[in-house]
file my_file10.pdb (PDB, C-alpha atoms)
ATOM      1  CA  MET A 565     118.466 -28.372  60.887
ATOM      2  CA  PRO A 566     120.748 -29.298  63.810
ATOM      3  CA  LYS A 567     123.996 -27.427  64.366
ATOM      4  CA  THR A 568     127.049 -29.679  64.259
ATOM      5  CA  LEU A 569     130.527 -28.960  65.584
ATOM      6  CA  VAL A 570     133.133 -30.694  63.420
ATOM      7  CA  THR A 571     136.638 -30.644  64.878
ATOM      8  CA  GLY A 572     139.452 -31.144  62.416
ATOM      9  CA  ALA A 573     137.300 -29.450  59.765
ATOM     10  CA  ALA A 574     140.315 -28.634  57.583
ATOM     11  CA  GLY A 575     141.579 -32.195  57.823
ATOM     12  CA  PHE A 576     140.959 -34.938  55.307
ATOM     13  CA  ILE A 577     137.827 -36.557  56.746
ATOM     14  CA  GLY A 578     136.584 -33.388  58.448
ATOM     15  CA  PHE A 579     136.669 -31.430  55.191
ATOM     16  CA  HIS A 580     134.654 -34.036  53.288
ATOM     17  CA  LEU A 581     132.156 -34.424  56.131
ATOM     18  CA  THR A 582     131.698 -30.654  56.443
ATOM     19  CA  ARG A 583     130.960 -30.310  52.721
ATOM     20  CA  ARG A 584     128.454 -33.161  52.891
ATOM     21  CA  LEU A 585     126.607 -31.657  55.863
ATOM     22  CA  LEU A 586     126.476 -28.228  54.252
ATOM     23  CA  THR A 587     125.061 -29.618  50.999
ATOM     24  CA  GLU A 588     122.272 -31.142  53.075
ATOM     25  CA  GLY A 589     121.460 -27.775  54.662
ATOM     26  CA  HIS A 590     123.015 -28.339  58.073
ATOM     27  CA  GLN A 591     124.680 -25.618  60.110
ATOM     28  CA  VAL A 592     128.324 -26.445  60.791
ATOM     29  CA  VAL A 593     130.894 -24.951  63.129
ATOM     30  CA  GLY A 594     134.367 -26.085  62.067
ATOM     31  CA  LEU A 595     137.399 -26.107  64.358
ATOM     32  CA  ASP A 596     140.988 -26.666  63.261
ATOM     33  CA  ASN A 597     144.386 -25.479  64.466
ATOM     34  CA  LEU A 598     145.869 -25.665  60.937
ATOM     35  CA  ASN A 599     149.133 -27.034  62.309
ATOM     36  CA  ASP A 600     152.144 -27.991  60.220
ATOM     37  CA  TYR A 601     152.148 -31.766  60.791
ATOM     38  CA  TYR A 602     151.841 -31.710  57.010
ATOM     39  CA  ASP A 603     151.760 -28.786  54.559
ATOM     40  CA  PRO A 604     149.143 -26.324  55.888
ATOM     41  CA  LYS A 605     148.497 -25.134  52.330
ATOM     42  CA  LEU A 606     146.489 -28.279  51.707
ATOM     43  CA  LYS A 607     144.339 -27.457  54.729
ATOM     44  CA  PHE A 608     143.768 -23.872  53.600
ATOM     45  CA  ASP A 609     142.876 -25.113  50.123
ATOM     46  CA  ARG A 610     140.356 -27.548  51.571
ATOM     47  CA  LEU A 611     138.732 -24.705  53.481
ATOM     48  CA  ALA A 612     138.637 -22.660  50.276
ATOM     49  CA  GLN A 613     136.726 -25.505  48.633
ATOM     50  CA  ILE A 614     134.095 -25.257  51.352
ATOM     51  CA  GLY A 615     133.774 -21.596  50.431
ATOM     52  CA  PRO A 616     131.811 -18.873  52.207
ATOM     53  CA  SER A 617     128.461 -20.058  53.488
ATOM     54  CA  GLN A 618     125.947 -18.589  55.891
ATOM     55  CA  ASN A 619     125.693 -22.068  57.406
ATOM     56  CA  PHE A 620     129.430 -22.467  58.052
ATOM     57  CA  THR A 621     131.511 -20.835  60.772
ATOM     58  CA  PHE A 622     135.228 -21.587  61.002
ATOM     59  CA  VAL A 623     137.193 -21.221  64.232
ATOM     60  CA  LYS A 624     140.978 -21.460  64.251
ATOM     61  CA  GLY A 625     141.963 -22.969  67.549
ATOM     62  CA  ASP A 626     143.515 -25.898  69.326
ATOM     63  CA  LEU A 627     141.535 -28.779  70.764
ATOM     64  CA  ALA A 628     143.778 -28.782  73.829
ATOM     65  CA  ASP A 629     142.971 -25.121  74.586
ATOM     66  CA  ARG A 630     140.123 -25.361  77.069
ATOM     67  CA  SER A 631     139.171 -21.702  76.747
ATOM     68  CA  VAL A 632     138.706 -22.037  72.979
ATOM     69  CA  ILE A 633     136.512 -25.109  73.348
ATOM     70  CA  ASN A 634     134.445 -23.511  76.102
ATOM     71  CA  GLN A 635     133.927 -20.396  73.965
ATOM     72  CA  ILE A 636     132.726 -22.462  70.996
ATOM     73  CA  PHE A 637     130.130 -24.269  73.091
ATOM     74  CA  ASP A 638     129.034 -21.061  74.839
ATOM     75  CA  GLU A 639     128.643 -19.076  71.609
ATOM     76  CA  HIS A 640     127.417 -21.654  69.120
ATOM     77  CA  HIS A 641     125.532 -24.217  71.223
ATOM     78  CA  PRO A 642     126.063 -27.209  68.904
ATOM     79  CA  THR A 643     123.520 -29.968  69.290
ATOM     80  CA  ARG A 644     125.830 -32.608  67.797
ATOM     81  CA  VAL A 645     129.616 -32.989  67.770
ATOM     82  CA  VAL A 646     131.888 -34.970  65.457
ATOM     83  CA  ASN A 647     135.389 -35.054  66.919
ATOM     84  CA  LEU A 648     137.845 -35.775  64.107
ATOM     85  CA  ALA A 649     140.692 -33.552  65.297
ATOM     86  CA  ALA A 650     143.625 -35.577  66.547
ATOM     87  CA  GLN A 651     147.329 -36.012  66.198
ATOM     88  CA  ALA A 652     147.414 -38.745  63.577
ATOM     89  CA  GLY A 653     150.089 -41.193  62.477
ATOM     90  CA  VAL A 654     151.359 -44.398  64.032
ATOM     91  CA  ARG A 655     155.067 -43.887  63.296
ATOM     92  CA  TYR A 656     155.077 -40.217  64.292
ATOM     93  CA  SER A 657     153.766 -41.184  67.735
ATOM     94  CA  ILE A 658     157.125 -42.843  68.384
ATOM     95  CA  GLU A 659     158.972 -39.639  67.474
ATOM     96  CA  ASN A 660     156.746 -37.101  69.230
ATOM     97  CA  PRO A 661     154.630 -38.768  71.944
ATOM     98  CA  HIS A 662     153.720 -35.543  73.767
ATOM     99  CA  ALA A 663     151.750 -34.272  70.766
ATOM    100  CA  TYR A 664     149.439 -37.280  71.096
ATOM    101  CA  ILE A 665     148.797 -36.737  74.784
ATOM    102  CA  GLU A 666     147.956 -33.060  74.246
ATOM    103  CA  SER A 667     145.615 -33.514  71.286
ATOM    104  CA  ASN A 668     144.191 -37.007  71.671
ATOM    105  CA  LEU A 669     143.734 -37.071  75.445
ATOM    106  CA  VAL A 670     143.670 -33.500  76.788
ATOM    107  CA  GLY A 671     141.814 -32.253  73.716
ATOM    108  CA  PHE A 672     139.317 -35.095  73.825
ATOM    109  CA  MET A 673     138.612 -34.397  77.489
ATOM    110  CA  ASN A 674     137.830 -30.773  76.623
ATOM    111  CA  ILE A 675     135.317 -31.942  74.020
ATOM    112  CA  LEU A 676     133.681 -34.355  76.457
ATOM    113  CA  GLU A 677     133.323 -31.642  79.079
ATOM    114  CA  GLY A 678     131.797 -29.282  76.532
ATOM    115  CA  CYS A 679     129.332 -31.947  75.452
ATOM    116  CA  ARG A 680     128.464 -32.781  79.036
ATOM    117  CA  HIS A 681     127.753 -29.228  80.181
ATOM    118  CA  HIS A 682     125.827 -28.261  77.058
ATOM    119  CA  ARG A 683     123.657 -31.356  76.805
ATOM    120  CA  VAL A 684     124.875 -32.380  73.362
ATOM    121  CA  GLU A 685     122.525 -34.911  71.784
ATOM    122  CA  HIS A 686     125.225 -37.060  70.195
ATOM    123  CA  LEU A 687     129.020 -37.147  70.189
ATOM    124  CA  VAL A 688     130.605 -39.116  67.353
ATOM    125  CA  TYR A 689     134.373 -39.428  67.653
ATOM    126  CA  ALA A 690     137.190 -40.885  65.600
ATOM    127  CA  SER A 691     138.765 -44.030  66.891
ATOM    128  CA  SER A 692     141.009 -46.237  64.764
ATOM    129  CA  SER A 693     141.562 -49.775  63.541
ATOM    130  CA  SER A 694     144.957 -49.503  65.230
ATOM    131  CA  VAL A 695     143.281 -50.201  68.604
ATOM    132  CA  TYR A 696     143.249 -53.892  67.653
ATOM    133  CA  GLY A 697     147.033 -53.911  67.940
ATOM    134  CA  ALA A 698     148.353 -57.390  68.603
ATOM    135  CA  THR A 699     144.964 -58.990  67.947
ATOM    136  CA  GLY A 700     145.476 -61.919  65.605
ATOM    137  CA  GLN A 701     141.871 -62.824  64.807
ATOM    138  CA  ALA A 702     140.534 -61.469  61.529
ATOM    139  CA  PRO A 703     138.212 -59.958  60.621
ATOM    140  CA  PHE A 704     138.465 -57.599  63.580
ATOM    141  CA  SER A 705     135.250 -57.506  65.579
ATOM    142  CA  GLU A 706     134.103 -54.818  68.007
ATOM    143  CA  HIS A 707     132.718 -57.592  70.189
ATOM    144  CA  ARG A 708     136.193 -58.820  71.103
ATOM    145  CA  PRO A 709     138.550 -57.002  73.489
ATOM    146  CA  ALA A 710     141.069 -54.536  72.042
ATOM    147  CA  ASP A 711     143.474 -54.211  74.934
ATOM    148  CA  HIS A 712     146.914 -54.753  73.394
ATOM    149  CA  PRO A 713     147.828 -51.616  71.389
ATOM    150  CA  VAL A 714     151.277 -51.583  69.780
ATOM    151  CA  SER A 715     151.670 -47.794  69.404
ATOM    152  CA  LEU A 716     150.973 -44.756  71.545
ATOM    153  CA  TYR A 717     148.589 -43.490  68.853
ATOM    154  CA  ALA A 718     146.540 -46.676  69.191
ATOM    155  CA  ALA A 719     146.616 -46.421  72.984
ATOM    156  CA  THR A 720     145.242 -42.869  72.900
ATOM    157  CA  LYS A 721     142.407 -43.949  70.609
ATOM    158  CA  ARG A 722     141.506 -46.860  72.873
ATOM    159  CA  ALA A 723     141.638 -44.463  75.815
ATOM    160  CA  ASN A 724     139.156 -42.208  73.998
ATOM    161  CA  GLU A 725     136.711 -45.105  73.804
ATOM    162  CA  LEU A 726     137.048 -45.891  77.505
ATOM    163  CA  ILE A 727     136.747 -42.269  78.623
ATOM    164  CA  ALA A 728     133.735 -41.691  76.374
ATOM    165  CA  HIS A 729     132.080 -44.737  77.907
ATOM    166  CA  SER A 730     132.662 -43.366  81.396
ATOM    167  CA  TYR A 731     130.908 -40.116  80.392
ATOM    168  CA  ALA A 732     128.025 -42.100  78.911
ATOM    169  CA  HIS A 733     127.756 -43.944  82.231
ATOM    170  CA  LEU A 734     128.164 -40.938  84.526
ATOM    171  CA  TYR A 735     126.268 -38.262  82.604
ATOM    172  CA  GLY A 736     124.176 -40.110  80.034
ATOM    173  CA  LEU A 737     126.148 -38.540  77.160
ATOM    174  CA  PRO A 738     125.249 -40.481  73.976
ATOM    175  CA  SER A 739     128.530 -41.190  72.202
ATOM    176  CA  THR A 740     129.683 -43.379  69.331
ATOM    177  CA  GLY A 741     133.266 -44.297  68.492
ATOM    178  CA  LEU A 742     134.114 -45.106  64.877
ATOM    179  CA  ARG A 743     137.154 -47.270  64.252
ATOM    180  CA  PHE A 744     138.360 -46.029  60.863
ATOM    181  CA  PHE A 745     140.200 -48.440  58.584
ATOM    182  CA  THR A 746     142.855 -46.769  56.335
ATOM    183  CA  VAL A 747     140.864 -43.969  54.725
ATOM    184  CA  TYR A 748     141.980 -42.751  51.287
ATOM    185  CA  GLY A 749     140.745 -40.568  48.452
ATOM    186  CA  PRO A 750     140.936 -37.043  46.970
ATOM    187  CA  TRP A 751     142.322 -34.357  49.283
ATOM    188  CA  GLY A 752     143.934 -37.115  51.364
ATOM    189  CA  ARG A 753     146.738 -36.710  53.871
ATOM    190  CA  PRO A 754     150.275 -36.411  52.433
ATOM    191  CA  ASP A 755     151.647 -38.756  55.116
ATOM    192  CA  MET A 756     149.426 -41.646  54.011
ATOM    193  CA  ALA A 757     150.614 -44.428  51.721
ATOM    194  CA  LEU A 758     148.560 -43.533  48.639
ATOM    195  CA  PHE A 759     149.725 -39.919  48.633
ATOM    196  CA  LEU A 760     153.350 -40.836  49.373
ATOM    197  CA  PHE A 761     153.424 -43.516  46.677
ATOM    198  CA  THR A 762     151.757 -41.323  44.050
ATOM    199  CA  ASP A 763     154.049 -38.396  44.725
ATOM    200  CA  ALA A 764     157.162 -40.582  44.539
ATOM    201  CA  ILE A 765     156.142 -42.458  41.382
ATOM    202  CA  VAL A 766     155.227 -39.267  39.529
ATOM    203  CA  LYS A 767     158.599 -37.761  40.499
ATOM    204  CA  ASP A 768     160.472 -40.960  39.603
ATOM    205  CA  ARG A 769     161.591 -41.587  43.168
ATOM    206  CA  PRO A 770     161.618 -44.988  44.909
ATOM    207  CA  ILE A 771     158.744 -45.817  47.264
ATOM    208  CA  ASN A 772     159.306 -47.330  50.708
ATOM    209  CA  VAL A 773     157.546 -50.693  50.938
ATOM    210  CA  PHE A 774     157.669 -51.918  54.517
ATOM    211  CA  ASN A 775     157.805 -55.574  55.488
ATOM    212  CA  HIS A 776     158.713 -56.239  51.844
ATOM    213  CA  GLY A 777     155.084 -55.618  50.880
ATOM    214  CA  LYS A 778     153.770 -58.540  52.925
ATOM    215  CA  MET A 779     151.027 -56.519  54.570
ATOM    216  CA  GLN A 780     147.281 -56.132  54.122
ATOM    217  CA  ARG A 781     145.138 -53.063  54.684
ATOM    218  CA  ASP A 782     141.383 -52.576  54.638
ATOM    219  CA  PHE A 783     141.512 -49.455  52.450
ATOM    220  CA  THR A 784     138.255 -47.470  52.704
ATOM    221  CA  TYR A 785     137.253 -44.724  50.277
ATOM    222  CA  ILE A 786     136.431 -41.327  51.748
ATOM    223  CA  ASP A 787     132.889 -41.113  50.323
ATOM    224  CA  ASP A 788     131.996 -44.416  51.991
ATOM    225  CA  ILE A 789     133.444 -43.178  55.284
ATOM    226  CA  VAL A 790     131.440 -39.942  55.145
ATOM    227  CA  GLU A 791     128.257 -41.829  54.317
ATOM    228  CA  GLY A 792     128.803 -43.986  57.383
ATOM    229  CA  ILE A 793     129.454 -41.002  59.649
ATOM    230  CA  VAL A 794     126.311 -39.197  58.472
ATOM    231  CA  ARG A 795     124.179 -42.276  59.087
ATOM    232  CA  VAL A 796     125.640 -42.869  62.541
ATOM    233  CA  LEU A 797     125.339 -39.193  63.498
ATOM    234  CA  ALA A 798     121.581 -39.333  62.932
ATOM    235  CA  ARG A 799     121.256 -42.313  65.275
ATOM    236  CA  PRO A 800     122.369 -41.582  68.872
ATOM    237  CA  PRO A 801     122.938 -44.793  70.816
ATOM    238  CA  ARG A 802     120.626 -45.890  73.585
ATOM    239  CA  ALA A 803     121.341 -47.947  76.644
ATOM    240  CA  ASP A 804     121.129 -51.659  75.867
ATOM    241  CA  SER A 805     118.706 -53.103  78.403
ATOM    242  CA  ASN A 806     119.796 -56.612  77.427
ATOM    243  CA  TRP A 807     123.496 -56.012  78.107
ATOM    244  CA  ASP A 808     124.861 -58.894  80.186
ATOM    245  CA  ARG A 809     127.498 -57.950  82.773
ATOM    246  CA  GLU A 810     128.752 -61.527  82.869
ATOM    247  CA  ILE A 811     129.520 -61.538  79.146
ATOM    248  CA  ALA A 812     130.470 -57.825  79.053
ATOM    249  CA  ASP A 813     130.171 -57.424  75.277
ATOM    250  CA  ALA A 814     132.832 -54.863  74.261
ATOM    251  CA  ALA A 815     130.756 -53.364  71.420
ATOM    252  CA  THR A 816     127.595 -52.468  73.341
ATOM    253  CA  SER A 817     126.775 -51.192  76.809
ATOM    254  CA  TYR A 818     124.149 -50.580  79.461
ATOM    255  CA  ALA A 819     125.139 -46.920  78.902
ATOM    256  CA  PRO A 820     124.376 -44.941  75.707
ATOM    257  CA  HIS A 821     127.722 -45.735  74.095
ATOM    258  CA  ARG A 822     128.645 -47.777  71.019
ATOM    259  CA  VAL A 823     131.778 -48.634  69.082
ATOM    260  CA  TYR A 824     131.685 -49.524  65.389
ATOM    261  CA  ASN A 825     134.204 -50.608  62.785
ATOM    262  CA  ILE A 826     133.926 -48.547  59.620
ATOM    263  CA  GLY A 827     135.885 -50.063  56.765
ATOM    264  CA  ASN A 828     135.639 -51.623  53.343
ATOM    265  CA  SER A 829     135.813 -55.156  54.749
ATOM    266  CA  GLN A 830     137.925 -56.280  51.776
ATOM    267  CA  PRO A 831     141.632 -56.240  52.710
ATOM    268  CA  VAL A 832     144.110 -55.618  49.900
ATOM    269  CA  GLU A 833     147.708 -56.806  49.724
ATOM    270  CA  LEU A 834     150.060 -53.838  49.716
ATOM    271  CA  LEU A 835     151.740 -54.977  46.492
ATOM    272  CA  ASP A 836     148.325 -55.299  44.808
ATOM    273  CA  PHE A 837     147.490 -51.797  45.996
ATOM    274  CA  ILE A 838     150.691 -50.536  44.424
ATOM    275  CA  SER A 839     149.896 -52.379  41.185
ATOM    276  CA  ALA A 840     146.488 -50.679  40.999
ATOM    277  CA  LEU A 841     148.183 -47.320  41.526
ATOM    278  CA  GLU A 842     150.756 -48.042  38.798
ATOM    279  CA  LYS A 843     147.919 -48.835  36.405
ATOM    280  CA  ALA A 844     146.053 -45.632  37.253
ATOM    281  CA  LEU A 845     149.205 -43.551  36.815
ATOM    282  CA  GLY A 846     150.498 -45.392  33.758
ATOM    283  CA  GLN A 847     153.902 -45.556  35.440
ATOM    284  CA  SER A 848     155.885 -48.250  37.245
ATOM    285  CA  ALA A 849     157.090 -47.834  40.803
ATOM    286  CA  LYS A 850     160.669 -48.220  41.954
ATOM    287  CA  LYS A 851     160.203 -50.244  45.121
ATOM    288  CA  GLU A 852     162.597 -50.083  48.037
ATOM    289  CA  LEU A 853     161.743 -53.122  50.131
ATOM    290  CA  LEU A 854     162.231 -52.403  53.828
ATOM    291  CA  PRO A 855     161.800 -54.375  57.058
ATOM    292  CA  PHE A 856     158.751 -54.266  59.307
ATOM    293  CA  GLN A 857     158.318 -50.957  61.117
ATOM    294  CA  GLN A 858     157.889 -50.684  64.862
ATOM    295  CA  GLY A 859     154.282 -49.836  65.769
ATOM    296  CA  ASP A 860     152.815 -51.268  62.548
ATOM    297  CA  VAL A 861     150.482 -54.245  62.267
ATOM    298  CA  LEU A 862     150.626 -56.919  59.578
ATOM    299  CA  ALA A 863     146.988 -56.786  58.501
ATOM    300  CA  THR A 864     143.705 -55.017  59.118
ATOM    301  CA  HIS A 865     140.288 -56.388  58.219
ATOM    302  CA  ALA A 866     137.033 -54.814  59.406
ATOM    303  CA  ASP A 867     133.956 -56.771  60.361
ATOM    304  CA  VAL A 868     131.292 -54.146  59.564
ATOM    305  CA  SER A 869     128.242 -56.338  60.155
ATOM    306  CA  ASP A 870     127.092 -54.238  63.140
ATOM    307  CA  LEU A 871     127.217 -51.012  61.148
ATOM    308  CA  GLU A 872     125.427 -52.694  58.266
ATOM    309  CA  ARG A 873     122.708 -53.959  60.589
ATOM    310  CA  ASP A 874     122.189 -50.699  62.487
ATOM    311  CA  VAL A 875     122.504 -48.030  59.759
ATOM    312  CA  ASP A 876     122.533 -50.061  56.522
ATOM    313  CA  PHE A 877     126.186 -49.187  55.863
ATOM    314  CA  ARG A 878     127.551 -50.792  52.691
ATOM    315  CA  PRO A 879     130.793 -49.535  51.112
ATOM    316  CA  GLN A 880     130.309 -48.861  47.402
ATOM    317  CA  THR A 881     133.776 -48.018  46.064
ATOM    318  CA  SER A 882     136.256 -50.528  44.642
ATOM    319  CA  ILE A 883     139.967 -50.015  45.221
ATOM    320  CA  GLU A 884     140.494 -49.444  41.485
ATOM    321  CA  ASP A 885     137.824 -46.742  41.297
ATOM    322  CA  GLY A 886     138.978 -45.096  44.515
ATOM    323  CA  ILE A 887     142.619 -44.947  43.451
ATOM    324  CA  GLY A 888     141.541 -43.634  40.054
ATOM    325  CA  GLU A 889     139.636 -40.773  41.698
ATOM    326  CA  PHE A 890     142.628 -39.909  43.871
ATOM    327  CA  VAL A 891     144.995 -39.879  40.887
ATOM    328  CA  LYS A 892     142.643 -37.566  38.974
ATOM    329  CA  TRP A 893     142.537 -35.191  41.941
ATOM    330  CA  TYR A 894     146.324 -35.327  42.428
ATOM    331  CA  ARG A 895     147.036 -34.531  38.762
ATOM    332  CA  ASN A 896     144.580 -31.633  38.798
ATOM    333  CA  TYR A 897     145.690 -30.209  42.149
ATOM    334  CA  TYR A 898     149.412 -30.301  41.353
ATOM    335  CA  GLY A 899     149.090 -29.660  37.641
ATOM    336  CA  VAL A 900     150.835 -32.920  36.752
TER
END
call {"tool": "encode", "arguments": {"input": "my_file10.pdb", "output": "C-alpha cells"}}
result
Amino acid sequence: MPKTLVTGAAGFIGFHLTRRLLTEGHQVVGLDNLNDYYDPKLKFDRLAQIGPSQNFTFVKGDLADRSVINQIFDEHHPTRVVNLAAQAGVRYSIENPHAYIESNLVGFMNILEGCRHHRVEHLVYASSSSVYGATGQAPFSEHRPADHPVSLYAATKRANELIAHSYAHLYGLPSTGLRFFTVYGPWGRPDMALFLFTDAIVKDRPINVFNHGKMQRDFTYIDDIVEGIVRVLARPPRADSNWDREIADAATSYAPHRVYNIGNSQPVELLDFISALEKALGQSAKKELLPFQQGDVLATHADVSDLERDVDFRPQTSIEDGIGEFVKWYRNYYGV
C-alpha cells in the first residue's frame, strides 16, 4: 500500500480521511500543530479515536517550519500527500491576517518543495469554494475564472492553486486542488455554523444569523467529502494534450494539474438549515438577525459534473440525515 502524508491530521477533514485510509490498509503519516484556533481537546480526542496503529505515525509540528517538513519527507518518504492543514475561517482572516500567510502560503510552499524533491506521485490539496468570491454565476464552475476573492482566506486558497500549477508546469508535479463547499458532520469544527448553532440552542442562547438568514450554502457531509478525496487521490492528473491556449480553460491544463469542486450541489437556505437542526434537536432556536458580514458571500453552489465524470463522485447524504448524525455525535461527545 502507498504511504500517504496527511497534513492537518487532527483537524476535521484530516481526521476522517486518516481513519478511512487506515481502515483500507494504507500507511499514513499525520502532521498537525494542534494549535488553539479552537479547543485543542477536540483535536486530541480525534487523534485518540484513530488509536495506536502500526500503520499510523503522528508528527506534531507546524507546516510553516521548513525543518519539520524536510524531516518528514526525509524519514518517511511519502508517495502521496494530502495537504489539509491551513489556517481556516473567512472572518478570522480579517482579524489575524498574518496567520494565513504563514500557514496557507509559507506552509504550502514547504509542502510543494518536499513533494518536488522527493518525487511525490500525487499532491492533493485543500482549496475552497470561497475562491469564487464576487462571482455571481451559479452553480460555480471550475471552468470559469475565480479571480475576485473577497477575503484574505480566499486569496490564499486561490494562490495555492496558482502556485501548485506552476510546480506542475516546472517540475511535472501531479497536483489536484479540491474546492470544498461548507463541510459538516460529526467531529466538526466548533467555529462552523452547525456546531455554533447546536451549542447555542442546547444551552438556550441566541444564535447569530447573518444577513437576516438570506444566504445559501452548499452544505456537504463529511463522509461524501472523504469519499471524493479518496477517489481523487487514486487518480493523479495527466497533462491535457487537447488544452487550448486560446481558450485557456481554468479547470484543466497542459500541465498535470486539475481543480475540482467538491460539494453537495444542492444549496440550502440558511433558515431551512436552522429548521432542520431545530427538528433534530427537538428545540427551537432564538435567532438574532444580524447584517451581512464583511468577507462573506451570499450563496455557494457547486457544479460537480467534472468530479462525477472523472471519479464517479455522487454525494449520498441528505441535509436532514447529515444534521441528524452530527446531533447524535454532539449529544454523545458532550453528554447532553
call {"tool": "residues_around", "arguments": {"input": "my_file10.pdb", "residues": "stretch 588-596 of chain A", "least_positions_apart": "2", "cutoff": "8 Å", "atoms": "only C-alpha atoms", "output": "PyMOL selection string"}}
result
chain A and resi 565-575+582+584-586+598+619-627+640+642+649
call {"tool": "atom_distance", "arguments": {"input": "my_file10.pdb", "atom1": "atom CA of A:Asp603", "atom2": "atom CA of A:Tyr894"}}
result
14.8 Å
call {"tool": "resolve_selection", "arguments": {"input": "my_file10.pdb", "expression": "the PyMOL selection byres ((chain A and resi 737) around 10)", "output": "ChimeraX atom specification"}}
result
/A:676,679-681,683-687,728-736,738-740,800-802,819-821
call {"tool": "closest_residue", "arguments": {"input": "my_file10.pdb", "among": "A:Glu725, A:Thr784, A:Phe759, A:Glu810", "to": "A:Trp893", "atoms": "only C-alpha atoms"}}
result
A:Phe759
call {"tool": "closest_residue", "arguments": {"input": "my_file10.pdb", "among": "A:Arg630, A:Arg781, A:His580, A:Arg822", "to": "A:Val796", "atoms": "all atoms listed in the file"}}
result
A:Arg822
call {"tool": "residues_around", "arguments": {"input": "my_file10.pdb", "residues": "A:Val670", "least_positions_apart": "4", "cutoff": "12 Å", "atoms": "only C-alpha atoms", "output": "ChimeraX atom specification"}}
result
/A:626-630,633,649-651,662-666,674-677,720,723-724,727
call {"tool": "resolve_selection", "arguments": {"input": "my_file10.pdb", "expression": "the PyMOL selection byres ((chain A and resi 747) around 9)", "output": "ChimeraX atom specification"}}
result
/A:577,744-746,748-749,752,756,782-786,789,827
call {"tool": "atom_distance", "arguments": {"input": "my_file10.pdb", "atom1": "atom CA of A:His776", "atom2": "atom CA of A:Phe856"}}
result
7.7 Å
call {"tool": "residues_around", "arguments": {"input": "my_file10.pdb", "residues": "A:Gly653", "least_positions_apart": "5", "cutoff": "12 Å", "atoms": "all atoms listed in the file", "output": "PyMOL selection string"}}
result
chain A and resi 601-602+658-661+663-664+668+692+694+715-718+720-721+746+753-757+859-860
call {"tool": "atom_distance", "arguments": {"input": "my_file10.pdb", "atom1": "atom CA of A:His641", "atom2": "atom CA of A:Gly671"}}
result
18.3 Å
call {"tool": "closest_residue", "arguments": {"input": "my_file10.pdb", "among": "A:Ser693, A:Gln847, A:Gln701, A:Ser829", "to": "A:Arg769", "atoms": "all atoms listed in the file"}}
result
A:Gln847
call {"tool": "closest_residue", "arguments": {"input": "my_file10.pdb", "among": "A:His707, A:Lys605, A:Lys850, A:Arg644", "to": "A:Phe761", "atoms": "only C-alpha atoms"}}
result
A:Lys850
call {"tool": "residues_near_point", "arguments": {"input": "my_file10.pdb", "point": "(130.8, -53.1, 71.5)", "cutoff": "6 Å", "atoms": "all atoms listed in the file", "output": "PyMOL selection string"}}
result
chain A and resi 706-707+813-816+822-823
call {"tool": "build_atoms", "arguments": {"input": "my_file10.pdb", "residues": "stretch 869-873 of chain A", "atoms": "all heavy atoms", "output": "CSV table (one decimal), keeping the file's coordinate frame"}}
result
chain,number,residue,atom,x,y,z
A,869,SER,N,129.6,-55.8,60.1
A,869,SER,CA,128.2,-56.3,60.2
A,869,SER,C,127.3,-55.5,61.1
A,869,SER,O,126.2,-55.4,60.8
A,869,SER,CB,128.3,-57.8,60.5
A,869,SER,OG,128.9,-58.0,61.7
A,870,ASP,N,127.9,-55.0,62.2
A,870,ASP,CA,127.1,-54.2,63.1
A,870,ASP,C,126.6,-52.9,62.5
A,870,ASP,O,125.5,-52.5,62.6
A,870,ASP,CB,127.9,-53.9,64.4
A,870,ASP,CG,127.9,-55.1,65.4
A,870,ASP,OD1,127.5,-56.2,65.0
A,870,ASP,OD2,128.3,-54.9,66.5
A,871,LEU,N,127.6,-52.3,61.8
A,871,LEU,CA,127.2,-51.0,61.1
A,871,LEU,C,126.2,-51.2,60.0
A,871,LEU,O,125.3,-50.4,59.8
A,871,LEU,CB,128.5,-50.3,60.6
A,871,LEU,CG,128.5,-48.8,60.4
A,871,LEU,CD1,128.1,-48.1,61.7
A,871,LEU,CD2,129.8,-48.3,59.9
A,872,GLU,N,126.4,-52.4,59.3
A,872,GLU,CA,125.4,-52.7,58.3
A,872,GLU,C,124.0,-52.9,58.8
A,872,GLU,O,123.0,-52.5,58.3
A,872,GLU,CB,125.9,-53.9,57.5
A,872,GLU,CG,125.0,-54.4,56.4
A,872,GLU,CD,125.5,-55.6,55.6
A,872,GLU,OE1,126.7,-55.8,55.7
A,872,GLU,OE2,124.7,-56.2,55.0
A,873,ARG,N,124.0,-53.7,60.0
A,873,ARG,CA,122.7,-54.0,60.6
A,873,ARG,C,122.0,-52.7,61.1
A,873,ARG,O,120.8,-52.5,60.9
A,873,ARG,CB,122.9,-54.9,61.7
A,873,ARG,CG,121.7,-55.3,62.5
A,873,ARG,CD,122.1,-55.9,63.9
A,873,ARG,NE,122.7,-54.9,64.7
A,873,ARG,CZ,123.7,-55.2,65.6
A,873,ARG,NH1,124.1,-56.5,65.7
A,873,ARG,NH2,124.2,-54.3,66.3
